[in-house]
Amino acid sequence: MIRVTRSAVIDAPIERVWDVLRDFNSHTAWHPVVAESEIEGGEPSDQVGCVRRFTLRDGNRIREQLLALSDRDHSSTYCILDATLPIRRYVATVQLKRVTDGERTFWHWQSTFDAPPGRERELADLVGTGVYEGGFNGLRAYLRTPRHASSRAASASGSGGAAAGSAMAAQGVVVSAFGGPDVLRHQAWPARPPGPGEVRIRQTAVGVNYIDVYVRAGLYRLIEPPALLGMEAAGVVVDTGPDVVHLLPGDRVAYACVPPGAYVSVRTMPAEHVVVLPDDVDDETAAAVMLKGMTAACLLHRTHRVRAGETVLVHAAAGGVGLYLCQWARALGARVLGTVSGEDKARLARDNGCELPIISRDYRFARAVQDATSGRGVDVIYDGLGRAAADENLQALALCGHWVSYGQATGPLAPISAEALSAKSVTLSRPVIFHYTAERAALNEIAQADLRGAARRGVASGAAAPVSARERRGGTSRPRGASDERAARCSSRDDMLASPRLRSSLDDEPAVRLKEPRADVPQGPALPDQFVAEALALQHQQPGQESERL
Amino acid sequence: MIKVYVSSVIEAPADAVWAEIRDFNGLPKWTPFVVDSRIEGGLSADTVGCVRNFRLKDGGGIREQLLALSDYDFQCTYSILESPMGVDNYVATLKLTPVTDGNRTFAEWWAEFDCAPEREGELAQSIGQGVFQAGFDALKGMFRR
């Protein structure tokens, strides 16, 4: 066994050195021999067990796993999992210690490993000199660069430029009173400076969701008019208030959260809901996928952990969340059945991983499900329908099945007796996304999983994925100019609602439908995947008809 | 129980520094605050369990027992048996680590002990700065390059 030890004294306080080294993926920034690096699976880079996959400048590739990390002891231990170098059983520990007389840090770096006979010295030298000593000098240089020298906190609090301290002009879509689409007003809605824990975002794309209709109509009492609509958006951080440590001005960000307030060009809001976007997810995609994608992520990974081999029934399989559920459940190895309302939806669902889209307009699907599963039923039902599908859901479930009721497009569930569940040992869940994302760590995990999925789907499957309206429409409508200029030209409501800021996420041609909003929106009860007209078009329904739908 | 920790960098190889401080009876040679020292019972100064009995410049006498000594780790641990300092359960460790970058020494000296709560600040200061840091400063002076 070879043991390599190197140590150095760094002219910086231990907190500053550790802030860099504790990030298992930071070595691309400071280590001269590291070319590219990423954490596999998008896990946080300070999560014990995470794996970094990186390339050295000489072309060698290495995968290393974080085995231990201690903020108390300022130490981390990691091992090599795979490498194109002949190094085996490599375990290394980085240990920092405070030099109390002077603002300095002692850095101890040690490893043990095996190497092929005859190559011990060469590899020990590579590790000790190339990696460890090179790393010491690399970090010294990195800490001297002005960008890093100006601490995060300092740049954040001193940010905002001319905008800091004063309200910014902005335009919003405001609900003047609960009611139909006619209650919406396009008006000035200034964004005040961020207070403690808040961030101000110049929004570039806003997601539109069915829930916006519920909110506008007053069915979900999430706002008190006059107030803004909208659950999700993406944009760029303008400035941050005190105590915000995870965002910097200029960061590309997105969010999905209550209370509503996303239909606006600049928004000031709690920073805790806001996540930084990966480079490979564009703003429009992010605004489109945050709420629906995180909903799908929660439903598939938390409410019920879908496993390979399970059979899943997705109601409204061609709807916004439905398409995600189909794709994702299929990717997880599940067999996916679905319900849709027509042929076109069936094709869309099938293209997205739904093996058997059951076309039904009257919520009769249990028989078809039983036939498709040889009488066994499905392991889990993702139900956005609510009342009208309840009885058939119980019939369609397998023994010990899981009924996940996350929406109620046909009306709230009638009370269900425990006895009805015991007939098949059914588990009933009634999840609410925002409870799952209430804690910052969970939000990050879910959002990053969602965004990574979106990036992959966008690359891999393109048009079929519910990634963004722009892609679905063939890239014909890029966001147009600045909001203020745009707003000034908005005269009719339709024009206003077609504003590029209100980027739709799941319909096929929202702008067109906006011009003729009632043409093909069903008058009576319908499956929610008749989101066809999507939230914006639905804004044009009369309250009476809407509640009929509910 | 409070802990006092002091560390420093000495501009000399660790084995050279260790050669000075591994002698449990050698405080008068390298610290500025010990006048004389002897090992009780005729034991050698590197016998684990031996007791050093020394006098401070200000006249106080202290008895300390060697609990561990490692030439491999450049580290020794000792406890106070008797002292005028008013501390209980006092255990201290002095440890050197080589700094390969520049062939220097990272030196650490820490102690844990109990005392009256109102004396914690005063003792942390007098032990941390008056003893440990003063000792390191003396070593730095000896090895100034």
# chains A, B, ... in the order shown; residues from 1 in each chain; ligands from 1
call {"tool": "select_by_dssp", "arguments": {"residues": "chain B", "states": "strand (DSSP E)", "output": "PyMOL selection string"}}
result
chain B and resi 2-10+34-39+51-56+61-70+75-82+88-99+104-114
call {"tool": "residues_around", "arguments": {"residues": "segment 27-38 of chain B", "least_positions_apart": "3", "cutoff": "8 Å", "atoms": "only C-alpha atoms", "output": "VMD selection string"}}
result
chain B and resid 20 to 21 23 to 24 52 to 57 131 134 to 135 138 to 139
call {"tool": "closest_atom_pairs", "arguments": {"of": "chain A", "to": "chain B", "cutoff": "12 Å", "atoms": "only C-alpha atoms", "output": "CSV"}}
result
residue,atom,partner,partner_atom,distance
A:Val4,CA,B:Thr100,CA,10.9
A:Thr5,CA,B:Thr100,CA,8.0
A:Arg6,CA,B:Thr100,CA,5.5
A:Ser7,CA,B:Val99,CA,4.8
A:Ala8,CA,B:Asp101,CA,5.0
A:Val9,CA,B:Val99,CA,7.3
A:Ile10,CA,B:Asp101,CA,10.2
A:Asp11,CA,B:Val9,CA,11.5
A:Gln95,CA,B:Thr97,CA,12.0
A:Leu96,CA,B:Phe106,CA,11.4
A:Lys97,CA,B:Ser7,CA,8.5
A:Arg98,CA,B:Ser7,CA,6.9
A:Val99,CA,B:Ser7,CA,4.9
A:Thr100,CA,B:Ser7,CA,5.0
A:Asp101,CA,B:Ser8,CA,5.7
A:Gly102,CA,B:Ser8,CA,8.0
A:Glu103,CA,B:Ser8,CA,10.3
A:Arg104,CA,B:Ser8,CA,9.0
A:Thr105,CA,B:Ser8,CA,9.6
A:Phe106,CA,B:Phe106,CA,7.1
A:Trp107,CA,B:Val99,CA,8.5
A:His108,CA,B:Val99,CA,8.0
A:Trp109,CA,B:Thr100,CA,10.2
A:Gln110,CA,B:Thr100,CA,11.4
A:Gly128,CA,B:Thr100,CA,10.2
A:Thr129,CA,B:Asp101,CA,10.4
A:Tyr132,CA,B:Asp101,CA,10.1
A:Glu133,CA,B:Asp101,CA,7.6
A:Gly134,CA,B:Asp101,CA,10.9
A:Gly135,CA,B:Asp101,CA,11.6
A:Phe136,CA,B:Asp101,CA,8.8
A:Asn137,CA,B:Asp101,CA,10.0
call {"tool": "select_by_dssp", "arguments": {"residues": "chain B", "states": "helix (DSSP H, G or I)", "output": "PyMOL selection string"}}
result
chain B and resi 14-21+27-30+40-42+117-142
call {"tool": "atom_distance", "arguments": {"atom1": "atom CA of Pro270 of chain A", "atom2": "atom CA of Met231 of chain A"}}
result
13.4 Å
call {"tool": "residues_around", "arguments": {"residues": "segment 445-447 of chain A", "least_positions_apart": "5", "cutoff": "9 Å", "atoms": "only C-alpha atoms", "output": "mmCIF file with C-alpha atoms, in the first residue's frame"}}
result
data_model
loop_
_atom_site.group_PDB
_atom_site.id
_atom_site.type_symbol
_atom_site.label_atom_id
_atom_site.label_comp_id
_atom_site.auth_asym_id
_atom_site.auth_seq_id
_atom_site.Cartn_x
_atom_site.Cartn_y
_atom_site.Cartn_z
ATOM 1 C CA GLY A 42 -27.668 16.119 -9.508
ATOM 2 C CA GLU A 43 -27.219 15.468 -5.821
ATOM 3 C CA PRO A 44 -25.995 18.334 -3.662
ATOM 4 C CA TYR A 255 -39.888 29.163 -8.591
ATOM 5 C CA VAL A 275 -33.960 27.949 -6.983
ATOM 6 C CA MET A 290 -41.604 24.120 -12.223
ATOM 7 C CA GLY A 293 -42.793 18.948 -12.999
ATOM 8 C CA MET A 294 -42.321 19.269 -9.259
ATOM 9 C CA THR A 295 -45.834 17.950 -8.808
ATOM 10 C CA ALA A 297 -41.635 14.511 -9.058
ATOM 11 C CA CYS A 298 -43.436 14.484 -5.699
ATOM 12 C CA TYR A 436 -43.639 18.543 0.162
ATOM 13 C CA THR A 437 -41.548 21.551 -0.812
ATOM 14 C CA ARG A 440 -35.689 24.296 1.608
ATOM 15 C CA ARG A 452 -32.713 17.877 -14.817
#
call {"tool": "atom_distance", "arguments": {"atom1": "atom CA of Cys400 of chain A", "atom2": "atom CA of Ala318 of chain A"}}
result
26.6 Å
call {"tool": "residues_around", "arguments": {"residues": "segment 234-241 of chain A", "least_positions_apart": "5", "cutoff": "8 Å", "atoms": "only C-alpha atoms", "output": "count of residues only"}}
result
32
call {"tool": "closest_residue", "arguments": {"among": "A:Ile14, A:Ser341, A:Arg57, A:Gly333", "to": "Gly309 of chain A", "atoms": "only C-alpha atoms"}}
result
A:Gly333
call {"tool": "atom_distance", "arguments": {"atom1": "atom CA of Ile211 of chain A", "atom2": "atom CA of Asp279 of chain A"}}
result
28.5 Å
call {"tool": "residues_around", "arguments": {"residues": "Glu112 of chain B", "least_positions_apart": "4", "cutoff": "9 Å", "atoms": "only C-alpha atoms", "output": "count of residues only"}}
result
9
call {"tool": "residues_around", "arguments": {"residues": "Glu343 of chain A", "least_positions_apart": "2", "cutoff": "12 Å", "atoms": "only C-alpha atoms", "output": "PyMOL selection string"}}
result
chain A and resi 318+339-341+345-350+357-361
call {"tool": "write_last_selection", "arguments": {"atoms": "N, CA and C atoms", "output": "mmCIF file, in the first residue's frame"}}
result
data_model
loop_
_atom_site.group_PDB
_atom_site.id
_atom_site.type_symbol
_atom_site.label_atom_id
_atom_site.label_comp_id
_atom_site.auth_asym_id
_atom_site.auth_seq_id
_atom_site.Cartn_x
_atom_site.Cartn_y
_atom_site.Cartn_z
ATOM 1 N N ALA A 318 -52.926 12.915 -21.028
ATOM 2 C CA ALA A 318 -52.361 13.861 -21.997
ATOM 3 C C ALA A 318 -52.386 15.282 -21.450
ATOM 4 N N THR A 339 -56.028 7.397 -18.832
ATOM 5 C CA THR A 339 -57.327 7.758 -19.379
ATOM 6 C C THR A 339 -57.200 9.099 -20.079
ATOM 7 N N VAL A 340 -57.882 9.196 -21.232
ATOM 8 C CA VAL A 340 -57.902 10.432 -22.014
ATOM 9 C C VAL A 340 -59.309 10.583 -22.584
ATOM 10 N N SER A 341 -59.555 11.713 -23.202
ATOM 11 C CA SER A 341 -60.919 11.973 -23.655
ATOM 12 C C SER A 341 -61.093 11.803 -25.163
ATOM 13 N N LYS A 345 -55.662 12.919 -27.993
ATOM 14 C CA LYS A 345 -55.026 12.829 -26.674
ATOM 15 C C LYS A 345 -54.391 11.453 -26.471
ATOM 16 N N ALA A 346 -55.067 10.462 -26.992
ATOM 17 C CA ALA A 346 -54.537 9.103 -26.856
ATOM 18 C C ALA A 346 -53.190 8.993 -27.557
ATOM 19 N N ARG A 347 -53.112 9.596 -28.744
ATOM 20 C CA ARG A 347 -51.839 9.552 -29.463
ATOM 21 C C ARG A 347 -50.745 10.273 -28.684
ATOM 22 N N LEU A 348 -51.099 11.437 -28.164
ATOM 23 C CA LEU A 348 -50.123 12.222 -27.406
ATOM 24 C C LEU A 348 -49.645 11.447 -26.178
ATOM 25 N N ALA A 349 -50.599 10.838 -25.482
ATOM 26 C CA ALA A 349 -50.237 10.070 -24.280
ATOM 27 C C ALA A 349 -49.351 8.891 -24.659
ATOM 28 N N ARG A 350 -49.720 8.228 -25.751
ATOM 29 C CA ARG A 350 -48.943 7.052 -26.159
ATOM 30 C C ARG A 350 -47.524 7.460 -26.536
ATOM 31 N N PRO A 357 -53.678 4.089 -23.583
ATOM 32 C CA PRO A 357 -54.557 5.209 -23.263
ATOM 33 C C PRO A 357 -56.011 4.763 -23.445
ATOM 34 N N ILE A 358 -56.787 4.830 -22.386
ATOM 35 C CA ILE A 358 -58.191 4.419 -22.432
ATOM 36 C C ILE A 358 -59.028 5.659 -22.733
ATOM 37 N N ILE A 359 -59.713 5.625 -23.856
ATOM 38 C CA ILE A 359 -60.502 6.791 -24.249
ATOM 39 C C ILE A 359 -61.871 6.694 -23.590
ATOM 40 N N SER A 360 -62.179 7.655 -22.777
ATOM 41 C CA SER A 360 -63.455 7.617 -22.067
ATOM 42 C C SER A 360 -63.890 9.033 -21.767
ATOM 43 N N ARG A 361 -65.157 9.311 -22.042
ATOM 44 C CA ARG A 361 -65.678 10.634 -21.708
ATOM 45 C C ARG A 361 -66.615 10.569 -20.509
#
call {"tool": "residues_around", "arguments": {"residues": "Phe24 of chain A", "least_positions_apart": "3", "cutoff": "9 Å", "atoms": "only C-alpha atoms", "output": "MDAnalysis selection string"}}
result
chainID A and resid 20:21 27 39 44:47 50:52 66 76
call {"tool": "write_last_selection", "arguments": {"atoms": "C-alpha atoms", "output": "PDB file, in the first residue's frame"}}
result
ATOM      1  CA  VAL A  20     -14.437  26.213  -1.043  1.00  0.00           C
ATOM      2  CA  LEU A  21     -13.184  22.731  -0.143  1.00  0.00           C
ATOM      3  CA  HIS A  27     -12.346  21.588  -7.838  1.00  0.00           C
ATOM      4  CA  ILE A  39     -22.018  15.530  -9.474  1.00  0.00           C
ATOM      5  CA  PRO A  44     -25.995  18.334  -3.662  1.00  0.00           C
ATOM      6  CA  SER A  45     -22.213  18.494  -3.742  1.00  0.00           C
ATOM      7  CA  ASP A  46     -22.005  18.361   0.049  1.00  0.00           C
ATOM      8  CA  GLN A  47     -24.152  15.268   0.356  1.00  0.00           C
ATOM      9  CA  CYS A  50     -22.524  11.853  -3.805  1.00  0.00           C
ATOM     10  CA  VAL A  51     -20.269  11.001  -6.740  1.00  0.00           C
ATOM     11  CA  ARG A  52     -18.235  13.485  -8.744  1.00  0.00           C
ATOM     12  CA  LEU A  66     -17.677  11.504  -0.912  1.00  0.00           C
ATOM     13  CA  SER A  76     -13.695  15.312   4.158  1.00  0.00           C
TER      14      SER A  76
END
